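A.B. asks: query_3.csv is the file, holding CSV, C-alpha atoms:
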```
chain,number,residue,atom,x,y,z
A,195,MET,CA,-6.4,120.8,175.1
A,196,ALA,CA,-2.7,121.5,174.9
A,197,LYS,CA,-2.1,118.2,173.1
A,198,ARG,CA,-4.8,119.0,170.5
A,199,ILE,CA,-3.3,122.4,169.8
A,200,GLY,CA,0.1,120.9,169.6
A,201,GLY,CA,-1.2,118.3,167.1
A,202,LYS,CA,-2.7,121.0,165.0
A,203,LEU,CA,0.5,122.9,164.9
A,204,VAL,CA,2.4,119.8,163.9
A,205,LYS,CA,0.0,119.2,161.0
A,206,LEU,CA,0.2,122.9,159.9
A,207,PHE,CA,4.0,122.7,160.0
A,208,SER,CA,4.0,119.5,158.0
A,209,VAL,CA,1.7,121.1,155.4
A,210,PHE,CA,4.0,124.1,155.2
A,211,VAL,CA,7.1,122.0,154.8
A,212,ALA,CA,5.4,119.9,152.1
A,213,SER,CA,4.4,123.1,150.2
A,214,ALA,CA,7.9,124.5,150.5
A,215,LEU,CA,9.3,121.3,149.1
A,216,LEU,CA,7.0,121.4,146.2
A,217,VAL,CA,7.8,125.0,145.4
A,218,GLY,CA,11.5,124.2,145.7
A,219,CYS,CA,11.2,121.2,143.4
A,220,ALA,CA,9.5,123.4,140.8
A,221,PHE,CA,12.3,125.9,141.0
A,222,MET,CA,14.9,123.2,140.7
A,223,LEU,CA,13.2,121.8,137.6
A,224,ALA,CA,13.0,125.2,136.0
A,225,ALA,CA,16.6,125.8,136.9
A,226,CYS,CA,17.5,122.5,135.1
A,227,GLU,CA,16.7,124.1,131.8
A,228,SER,CA,19.6,126.3,130.9
A,229,ASN,CA,19.8,128.8,128.0
A,230,ARG,CA,22.7,126.7,126.6
A,231,PRO,CA,22.1,123.0,127.1
A,232,LYS,CA,24.7,120.5,125.8
A,233,ILE,CA,24.5,117.2,124.1
A,234,SER,CA,27.2,114.6,123.4
A,235,MET,CA,27.2,112.6,120.1
A,236,GLU,CA,29.3,109.5,119.6
A,237,ILE,CA,30.0,108.7,116.0
A,238,SER,CA,31.9,105.6,114.8
A,239,PHE,CA,33.6,105.0,111.5
A,240,ASN,CA,35.9,102.3,110.4
A,241,GLY,CA,36.5,100.9,113.9
A,242,GLU,CA,37.1,104.3,115.6
A,243,THR,CA,34.8,106.4,117.7
A,244,TYR,CA,34.6,110.2,117.7
A,245,THR,CA,32.8,112.3,120.4
A,246,LEU,CA,31.3,115.6,119.4
A,247,GLU,CA,29.9,117.8,122.2
A,248,TYR,CA,27.4,120.5,121.2
A,249,THR,CA,26.1,123.6,122.8
A,250,LEU,CA,22.5,124.2,121.8
A,251,TYR,CA,21.1,127.7,121.8
A,252,ARG,CA,17.8,127.4,123.6
A,253,ASP,CA,17.8,131.2,124.3
A,254,LEU,CA,17.7,131.8,120.5
A,255,TYR,CA,15.8,128.8,119.1
A,256,ALA,CA,13.6,127.6,122.0
A,257,GLN,CA,11.2,125.4,120.0
A,258,THR,CA,13.9,123.8,117.9
A,259,VAL,CA,16.1,122.9,120.8
A,260,ALA,CA,13.1,121.6,122.8
A,261,HIS,CA,12.1,119.4,119.9
A,262,TYR,CA,15.5,117.8,119.4
A,263,ILE,CA,16.2,117.3,123.1
A,264,GLU,CA,12.9,115.5,123.4
A,265,LEU,CA,13.9,113.1,120.7
A,266,VAL,CA,17.4,112.7,122.3
A,267,ASP,CA,15.7,111.8,125.6
A,268,MET,CA,13.7,109.2,123.8
A,269,GLY,CA,16.9,107.5,122.6
A,270,TYR,CA,15.7,108.1,119.1
A,271,TYR,CA,19.1,108.7,117.5
A,272,ASP,CA,20.9,105.8,119.1
A,273,ASN,CA,22.3,103.4,116.5
A,274,THR,CA,21.3,105.5,113.5
A,275,VAL,CA,23.5,106.4,110.6
A,276,ILE,CA,24.6,109.2,108.4
A,277,HIS,CA,22.5,108.2,105.4
A,278,ASP,CA,23.3,111.2,103.1
A,279,TYR,CA,26.9,112.5,102.9
A,280,LYS,CA,27.2,115.6,100.8
A,281,GLU,CA,31.0,116.0,100.4
A,282,SER,CA,30.7,119.7,99.6
A,283,ASP,CA,29.3,120.9,103.0
A,284,ARG,CA,27.3,118.6,105.2
A,285,MET,CA,26.4,115.1,106.4
A,286,ILE,CA,22.8,114.3,107.2
A,287,GLY,CA,21.4,111.9,109.8
A,288,GLY,CA,18.6,111.3,112.1
A,289,GLY,CA,16.2,109.2,110.0
A,290,TYR,CA,17.8,105.9,109.0
A,291,THR,CA,19.5,102.8,110.4
A,292,TYR,CA,20.5,99.2,109.6
A,293,ASP,CA,19.0,96.2,111.3
A,294,ASP,CA,22.4,94.5,110.9
A,295,MET,CA,24.8,97.3,111.6
A,296,GLU,CA,27.9,95.1,111.0
A,297,ASN,CA,26.9,93.2,107.9
A,298,GLY,CA,24.0,95.1,106.4
A,299,ASP,CA,24.5,96.2,102.8
A,300,VAL,CA,24.9,100.0,102.7
A,301,MET,CA,22.5,100.4,99.8
A,302,GLU,CA,20.0,97.6,100.0
A,303,ASP,CA,19.5,97.3,103.8
A,304,LEU,CA,19.2,101.0,104.6
A,305,ARG,CA,16.0,101.3,106.6
A,306,ALA,CA,13.9,104.4,107.5
A,307,LEU,CA,13.0,104.9,111.2
A,308,ASP,CA,9.3,105.1,112.0
A,309,TYR,CA,9.1,108.6,113.2
A,310,ASP,CA,5.3,108.6,113.3
A,311,ALA,CA,5.2,105.5,115.5
A,312,ALA,CA,7.7,107.1,117.9
A,313,THR,CA,5.9,110.3,118.3
A,314,ARG,CA,2.2,109.2,118.2
A,315,ASN,CA,0.1,106.9,120.3
A,316,ASP,CA,-2.1,104.0,119.0
A,317,ALA,CA,-5.0,106.5,118.5
A,318,GLY,CA,-2.8,108.6,116.2
A,319,GLU,CA,-2.4,111.5,118.7
A,320,VAL,CA,0.8,113.4,118.8
A,321,THR,CA,2.7,112.5,122.0
A,322,LEU,CA,5.4,115.2,121.7
A,323,LYS,CA,5.2,117.8,124.4
A,324,ASN,CA,6.6,120.6,122.2
A,325,ILE,CA,3.8,120.9,119.7
A,326,THR,CA,4.4,123.9,117.3
A,327,VAL,CA,2.5,123.0,114.0
A,328,TRP,CA,-1.1,122.3,113.2
A,329,SER,CA,-2.6,121.3,109.9
A,330,ASP,CA,-5.6,123.5,110.3
A,331,SER,CA,-6.2,127.2,111.2
A,332,GLU,CA,-8.3,126.3,114.2
A,333,ARG,CA,-5.4,124.3,115.7
A,334,THR,CA,-7.5,121.2,116.3
A,335,ALA,CA,-5.2,118.9,114.3
A,336,ALA,CA,-1.7,118.9,115.9
A,337,THR,CA,1.1,117.6,113.8
A,338,ASN,CA,4.4,116.1,114.9
A,339,ARG,CA,6.3,118.4,112.7
A,340,LEU,CA,8.6,121.3,113.8
A,341,HIS,CA,8.0,125.0,113.1
A,342,GLY,CA,11.0,126.4,111.3
A,343,GLU,CA,12.6,129.1,113.4
A,344,ILE,CA,14.0,130.6,110.2
A,345,SER,CA,14.0,133.9,108.3
A,346,GLY,CA,11.7,132.3,105.7
A,347,ASN,CA,9.0,132.1,108.4
A,348,GLY,CA,9.6,135.7,109.4
A,349,PHE,CA,11.7,134.6,112.4
A,350,SER,CA,14.5,136.9,113.5
A,351,ILE,CA,17.0,137.3,116.4
A,352,ASP,CA,17.3,140.5,118.3
A,353,ASN,CA,20.4,142.4,117.0
A,354,ASP,CA,20.9,139.8,114.3
A,355,THR,CA,23.0,137.5,116.5
A,356,GLY,CA,21.6,134.2,115.2
A,357,LEU,CA,23.8,131.3,114.3
A,358,SER,CA,25.1,130.6,110.8
A,359,ASN,CA,26.8,127.7,109.1
A,360,THR,CA,30.2,127.6,110.7
A,361,TYR,CA,32.4,124.4,110.8
A,362,GLY,CA,30.6,121.7,112.7
A,363,ALA,CA,27.3,123.6,113.1
A,364,LEU,CA,24.2,121.5,113.9
A,365,GLY,CA,21.1,122.4,111.9
A,366,THR,CA,17.6,121.1,111.1
A,367,TYR,CA,16.9,119.4,107.8
A,368,SER,CA,13.9,118.3,105.6
A,369,TYR,CA,13.7,116.9,102.1
A,370,VAL,CA,10.2,118.4,101.6
A,371,SER,CA,10.3,120.4,98.3
A,372,SER,CA,9.6,124.1,98.3
A,373,ARG,CA,6.8,123.3,95.9
A,374,GLU,CA,4.7,122.1,98.8
A,375,ARG,CA,2.8,125.3,99.4
A,376,THR,CA,-0.1,124.0,101.6
A,377,LEU,CA,-0.5,126.4,104.5
A,378,VAL,CA,-0.1,125.2,108.1
A,379,THR,CA,-0.5,127.0,111.4
A,380,TYR,CA,2.5,127.5,113.7
A,381,LYS,CA,3.1,128.9,117.1
A,382,GLN,CA,5.5,131.7,117.3
A,383,SER,CA,8.5,131.3,119.5
A,384,SER,CA,8.2,132.6,123.1
A,385,SER,CA,4.7,134.0,122.6
A,386,ASP,CA,1.0,133.0,122.4
A,387,LYS,CA,0.7,134.3,118.9
A,388,TYR,CA,0.2,132.1,115.8
A,389,GLY,CA,0.9,132.5,112.1
A,390,GLN,CA,0.6,130.6,108.9
A,391,SER,CA,3.1,129.6,106.3
A,392,GLU,CA,3.9,126.9,103.7
A,393,TYR,CA,4.3,123.4,104.9
A,394,TYR,CA,7.9,123.0,103.5
A,395,LYS,CA,9.0,125.6,106.0
A,396,ASN,CA,7.5,123.7,108.9
A,397,SER,CA,8.1,120.1,107.9
A,398,THR,CA,11.1,119.0,110.0
A,399,THR,CA,10.7,115.7,111.8
A,400,SER,CA,14.0,114.2,113.2
A,401,LEU,CA,16.6,114.9,110.5
A,402,PHE,CA,19.6,117.1,111.2
A,403,TYR,CA,22.9,118.0,109.5
A,404,ILE,CA,26.4,118.5,110.6
A,405,PHE,CA,28.1,121.3,108.6
A,406,THR,CA,31.5,120.1,107.3
A,407,ALA,CA,32.7,123.1,105.2
A,408,SER,CA,34.9,125.8,106.7
A,409,SER,CA,32.2,128.4,106.7
A,410,GLY,CA,28.8,129.2,105.1
A,411,SER,CA,26.0,131.7,105.0
A,412,SER,CA,23.0,131.9,107.3
A,413,GLU,CA,20.2,129.5,106.4
A,414,SER,CA,16.9,130.8,105.1
A,415,ARG,CA,15.2,127.4,105.2
A,416,TYR,CA,17.0,125.4,107.9
A,417,CYS,CA,17.6,126.5,111.5
A,418,VAL,CA,21.2,126.3,112.8
A,419,PHE,CA,20.7,125.7,116.5
A,420,GLY,CA,24.0,124.2,117.8
A,421,GLU,CA,27.7,124.7,117.6
A,422,LEU,CA,30.7,122.5,118.6
A,423,ALA,CA,31.2,123.1,122.3
A,424,ASP,CA,35.0,123.0,122.6
A,425,GLU,CA,38.3,122.4,120.8
A,426,ASP,CA,38.2,118.7,121.7
A,427,SER,CA,35.0,118.4,119.7
A,428,LYS,CA,36.4,120.3,116.8
A,429,THR,CA,39.5,118.0,116.8
A,430,ALA,CA,37.2,115.0,116.9
A,431,LEU,CA,35.3,116.2,113.8
A,432,ASP,CA,38.7,117.0,112.1
A,433,ASP,CA,39.8,113.4,112.9
A,434,LEU,CA,36.6,111.9,111.6
A,435,LEU,CA,36.8,113.7,108.3
A,436,ALA,CA,40.5,112.8,107.9
A,437,ALA,CA,39.6,109.2,108.6
A,438,ILE,CA,37.0,109.3,105.8
A,439,SER,CA,39.6,110.9,103.5
A,440,ASP,CA,42.1,108.2,104.3
A,441,TYR,CA,39.6,105.5,103.7
A,442,VAL,CA,38.8,106.9,100.3
A,443,ASP,CA,42.5,106.9,99.5
A,444,THR,CA,42.6,103.1,100.1
A,445,LEU,CA,39.8,102.6,97.5
A,446,GLY,CA,41.8,103.7,94.4
A,447,ASP,CA,42.2,106.8,92.3
A,448,ASP,CA,38.7,106.8,90.8
A,449,ALA,CA,36.8,105.6,93.8
A,450,GLU,CA,33.9,107.6,95.3
A,451,PHE,CA,33.0,107.6,99.0
A,452,THR,CA,29.3,107.8,98.3
A,453,GLN,CA,26.9,106.0,95.9
A,454,MET,CA,23.7,107.6,94.8
A,455,LYS,CA,20.5,105.9,96.0
A,456,GLU,CA,17.8,107.2,93.7
A,457,ASP,CA,14.1,107.6,94.1
A,458,VAL,CA,13.9,106.9,97.8
A,459,VAL,CA,10.2,107.0,98.7
A,460,ILE,CA,9.4,109.1,101.8
A,461,GLN,CA,5.9,108.8,103.2
A,462,ASP,CA,4.4,112.1,104.3
A,463,GLU,CA,0.7,112.6,104.9
A,464,PHE,CA,1.0,116.4,104.6
A,465,VAL,CA,2.3,116.5,101.0
A,466,ASP,CA,0.2,116.1,97.8
A,467,GLY,CA,-0.1,112.4,97.1
A,468,GLY,CA,1.1,111.3,100.5
A,469,SER,CA,4.7,110.7,99.6
A,470,TYR,CA,7.7,112.1,97.6
A,471,ASN,CA,11.0,110.8,96.2
A,472,VAL,CA,14.5,112.0,96.9
A,473,ASP,CA,18.1,110.9,96.1
A,474,PHE,CA,20.6,110.1,98.9
A,475,GLU,CA,24.4,110.1,98.6
A,476,VAL,CA,24.9,107.0,100.8
A,477,PRO,CA,28.4,106.5,102.4
A,478,GLN,CA,29.9,103.2,101.2
A,479,SER,CA,31.3,102.6,104.7
A,480,LYS,CA,28.9,103.2,107.5
A,481,ILE,CA,29.1,106.3,109.6
A,482,VAL,CA,27.2,105.2,112.7
A,483,ILE,CA,25.7,107.5,115.4
A,484,LYS,CA,26.2,105.2,118.3
A,485,ASN,CA,24.4,107.4,120.8
A,486,VAL,CA,23.3,110.9,121.6
A,487,ASP,CA,22.9,112.0,125.2
A,488,VAL,CA,22.0,115.3,127.0
A,489,VAL,CA,24.8,116.2,129.3
A,490,LYS,CA,23.3,119.5,130.4
A,491,TYR,CA,19.7,120.6,130.2
```
Any chance you could put this one into structure tokens?

C.D. replies:
Amino acid sequence: MAKRIGGKLVKLFSVFVASALLVGCAFMLAACESNRPKISMEISFNGETYTLEYTLYRDLYAQTVAHYIELVDMGYYDNTVIHDYKESDRMIGGGYTYDDMENGDVMEDLRALDYDAATRNDAGEVTLKNITVWSDSERTAATNRLHGEISGNGFSIDNDTGLSNTYGALGTYSYVSSRERTLVTYKQSSSDKYGQSEYYKNSTTSLFYIFTASSGSSESRYCVFGELADEDSKTALDDLLAAISDYVDTLGDDAEFTQMKEDVVIQDEFVDGGSYNVDFEVPQSKIVIKNVDVVKY
């Protein structure tokens, strides 16, 4: 009898310990997601590598940060390139690469990543965990697009403490024209409420920009969701831009760092006609994003 009671107590204790471990693990996972995660981005140019570390503001832009971290965890950005270099204020990446990174022609061999294949299964279902946009009001057709946490969507930050375009800032990007007025449904941040707005405000896939001007205004269309984490990262960006400037100096007085690639066709099932055309200012010497890693969740 005593043995049977002892055995039951041992089993009860084992169940209690297992339950406690499960609860502890849940708390640990929750604790892993900080308000200010960090990512590290290694960029190479002309034989040198520059490391930019970013602080992402999950506490301000929860859906945006979750979306980009999910893509980073997939290794989506590794061995991609800055495909559009706007000398005035930003360089844009996150959507293109070269099969031959060493020898590929910068204009002819630029290749778009297959974002849809990376974020949908064979049945066409969205595999992203952070789903924020639906093409219908009943929310039966999830898209792999990102809801714009921007003032144009009625999004605001308490006490107006949101991020703006400071030097090195990291922001979302989309080439979808503001003429694309088809309504989509989006989930509001940190709530169970939903709204509707035009597709162009909720059309971000994987593109991002790094702001390269000294300062700028708040974006009404794109979400600025990250800042350079430290002085070392600022210095690395300074050095990268200086290296680009030095490279241009070697080309001659009338040389341009970029060449316009015109009428690039972008497939998009959510726009009228299923595609649209844009122009890129392609760097004539590759700016390669070697890898992007999460260093703090």

A.B. asks: Neighbours of Ser358 in chain A within 12 Å (all atoms listed in the file; same-chain residues fewer than 5 positions away dropped), as a PDB file with C-alpha atoms, keeping the file's coordinate frame?

C.D. replies:
```pdb
ATOM      1  CA  ILE A 344      14.000 130.600 110.200  1.00  0.00           C
ATOM      2  CA  SER A 345      14.000 133.900 108.300  1.00  0.00           C
ATOM      3  CA  ILE A 351      17.000 137.300 116.400  1.00  0.00           C
ATOM      4  CA  ALA A 363      27.300 123.600 113.100  1.00  0.00           C
ATOM      5  CA  LEU A 364      24.200 121.500 113.900  1.00  0.00           C
ATOM      6  CA  GLY A 365      21.100 122.400 111.900  1.00  0.00           C
ATOM      7  CA  PHE A 405      28.100 121.300 108.600  1.00  0.00           C
ATOM      8  CA  SER A 408      34.900 125.800 106.700  1.00  0.00           C
ATOM      9  CA  SER A 409      32.200 128.400 106.700  1.00  0.00           C
ATOM     10  CA  GLY A 410      28.800 129.200 105.100  1.00  0.00           C
ATOM     11  CA  SER A 411      26.000 131.700 105.000  1.00  0.00           C
ATOM     12  CA  SER A 412      23.000 131.900 107.300  1.00  0.00           C
ATOM     13  CA  GLU A 413      20.200 129.500 106.400  1.00  0.00           C
ATOM     14  CA  SER A 414      16.900 130.800 105.100  1.00  0.00           C
ATOM     15  CA  ARG A 415      15.200 127.400 105.200  1.00  0.00           C
ATOM     16  CA  TYR A 416      17.000 125.400 107.900  1.00  0.00           C
ATOM     17  CA  CYS A 417      17.600 126.500 111.500  1.00  0.00           C
ATOM     18  CA  VAL A 418      21.200 126.300 112.800  1.00  0.00           C
ATOM     19  CA  PHE A 419      20.700 125.700 116.500  1.00  0.00           C
ATOM     20  CA  GLY A 420      24.000 124.200 117.800  1.00  0.00           C
ATOM     21  CA  GLU A 421      27.700 124.700 117.600  1.00  0.00           C
TER      22      GLU A 421
END
```

A.B. asks: At most 12 Å from (3.6, 114.3, 99.1), file frame, all atoms listed in the file: which residues, as a list in words?

C.D. replies: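 Those residues lying close to the given coordinates are Tyr369, Val370, Ser371, Ser372, Arg373, Glu374, Arg375, Thr376, Tyr393, Tyr394, Ser397, Val459, Ile460, Gln461, Asp462, Glu463, Phe464, Val465, Asp466, Gly467, Gly468, Ser469, Tyr470, Asn471 and Val472 of chain A.
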
A.B. asks: For a quick check of understanding, using only C-alpha atoms, which of A:Asp283, A:Val327, A:His277, A:Asp440 has the smallest distance to Asp303 in chain A?

C.D. replies: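 Looking at the shortest contact to Asp303 in chain A, the residue is A:His277.
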
A.B. asks: When distances are computed from all atoms listed in the file, which of A:Tyr248, A:Tyr255, A:Ser400, A:Glu343 shows the smallest separation from Asp308 in chain A?

C.D. replies: A:Ser400

A.B. asks: Under the rule that only C-alpha atoms are counted, which of A:Val488, A:Leu401, A:Ile483, A:Ala335 is the nearest residue to Thr291 in chain A?

C.D. replies: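 Nearest candidate to Thr291 in chain A out of A:Val488, A:Leu401, A:Ile483, A:Ala335: A:Ile483.
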
A.B. asks: So that I can see what lies close to Ala407 in chain A, please list as number ranges by chain the residues with an atom at most 8 Å from it, counting all atoms listed in the file and leaving out residues fewer than 3 positions away in the same chain.

C.D. replies: A: 282-284, 360-362, 410

A.B. asks: Dump C-alpha atoms for the selected residues as a JSON list (two decimals), keeping the file's coordinate frame?

C.D. replies:
```
[["chain", "number", "residue", "atom", "x", "y", "z"],
["A", 282, "SER", "CA", 30.70, 119.70, 99.60],
["A", 283, "ASP", "CA", 29.30, 120.90, 103.00],
["A", 284, "ARG", "CA", 27.30, 118.60, 105.20],
["A", 360, "THR", "CA", 30.20, 127.60, 110.70],
["A", 361, "TYR", "CA", 32.40, 124.40, 110.80],
["A", 362, "GLY", "CA", 30.60, 121.70, 112.70],
["A", 410, "GLY", "CA", 28.80, 129.20, 105.10]]
```

A.B. asks: Got a sec: who's within 10 Å of Glu281 in chain A, counting only C-alpha atoms, leaving out chain neighbours fewer than 2 positions off, as a PyMOL selection string?

C.D. replies: chain A and resi 278-279+283-285+406-407+451-452+475

A.B. asks: Any chance you can output those residues with C-alpha atoms as a short mmCIF file (atom, residue, chain, number, x, y, z; two decimals), in the frame of the given file?

C.D. replies:
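Output file selection-v4.cif is given in full below:
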```cif
data_model
loop_
_atom_site.label_atom_id
_atom_site.label_comp_id
_atom_site.auth_asym_id
_atom_site.auth_seq_id
_atom_site.Cartn_x
_atom_site.Cartn_y
_atom_site.Cartn_z
CA ASP A 278 23.30 111.20 103.10
CA TYR A 279 26.90 112.50 102.90
CA ASP A 283 29.30 120.90 103.00
CA ARG A 284 27.30 118.60 105.20
CA MET A 285 26.40 115.10 106.40
CA THR A 406 31.50 120.10 107.30
CA ALA A 407 32.70 123.10 105.20
CA PHE A 451 33.00 107.60 99.00
CA THR A 452 29.30 107.80 98.30
CA GLU A 475 24.40 110.10 98.60
#
```

A.B. asks: Rounded to one decimal place, report the CA of Phe402 in chain A-CA of Tyr271 in chain A distance in Å.

C.D. replies: 10.5 Å

A.B. asks: Pick from A:Ala336, A:Ile237, A:Leu254, A:Ile325: nearest to Leu435 in chain A, with all atoms listed in the file counted?

C.D. replies: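 Checking each candidate against Leu435 in chain A, we get A:Ile237 as the closest.
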
A.B. asks: Between A:Lys387, A:Val486, A:Lys480, A:Asn338, which one has atoms that come closest to Asn324 in chain A, using only C-alpha atoms?

C.D. replies: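 The shortest atom-to-atom distance to Asn324 in chain A comes from A:Asn338.
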
A.B. asks: What's the separation between CA of Ser391 in chain A and CA of Ser368 in chain A, in Å to one decimal place?

C.D. replies: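 A separation of 15.6 Å between them.
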
A.B. asks: What separation in Å, quoted to one decimal, exists between CA of Ile233 in chain A and CA of Ile276 in chain A?

C.D. replies: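 So the answer is 17.6 Å.
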
A.B. asks: Kindly indicate which residue among A:Leu445, A:Met454, A:Val476, A:Leu422 lies nearest to Leu250 in chain A, using only C-alpha atoms for the distances.

C.D. replies: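 Selected residue with least distance to Leu250 in chain A: A:Leu422.
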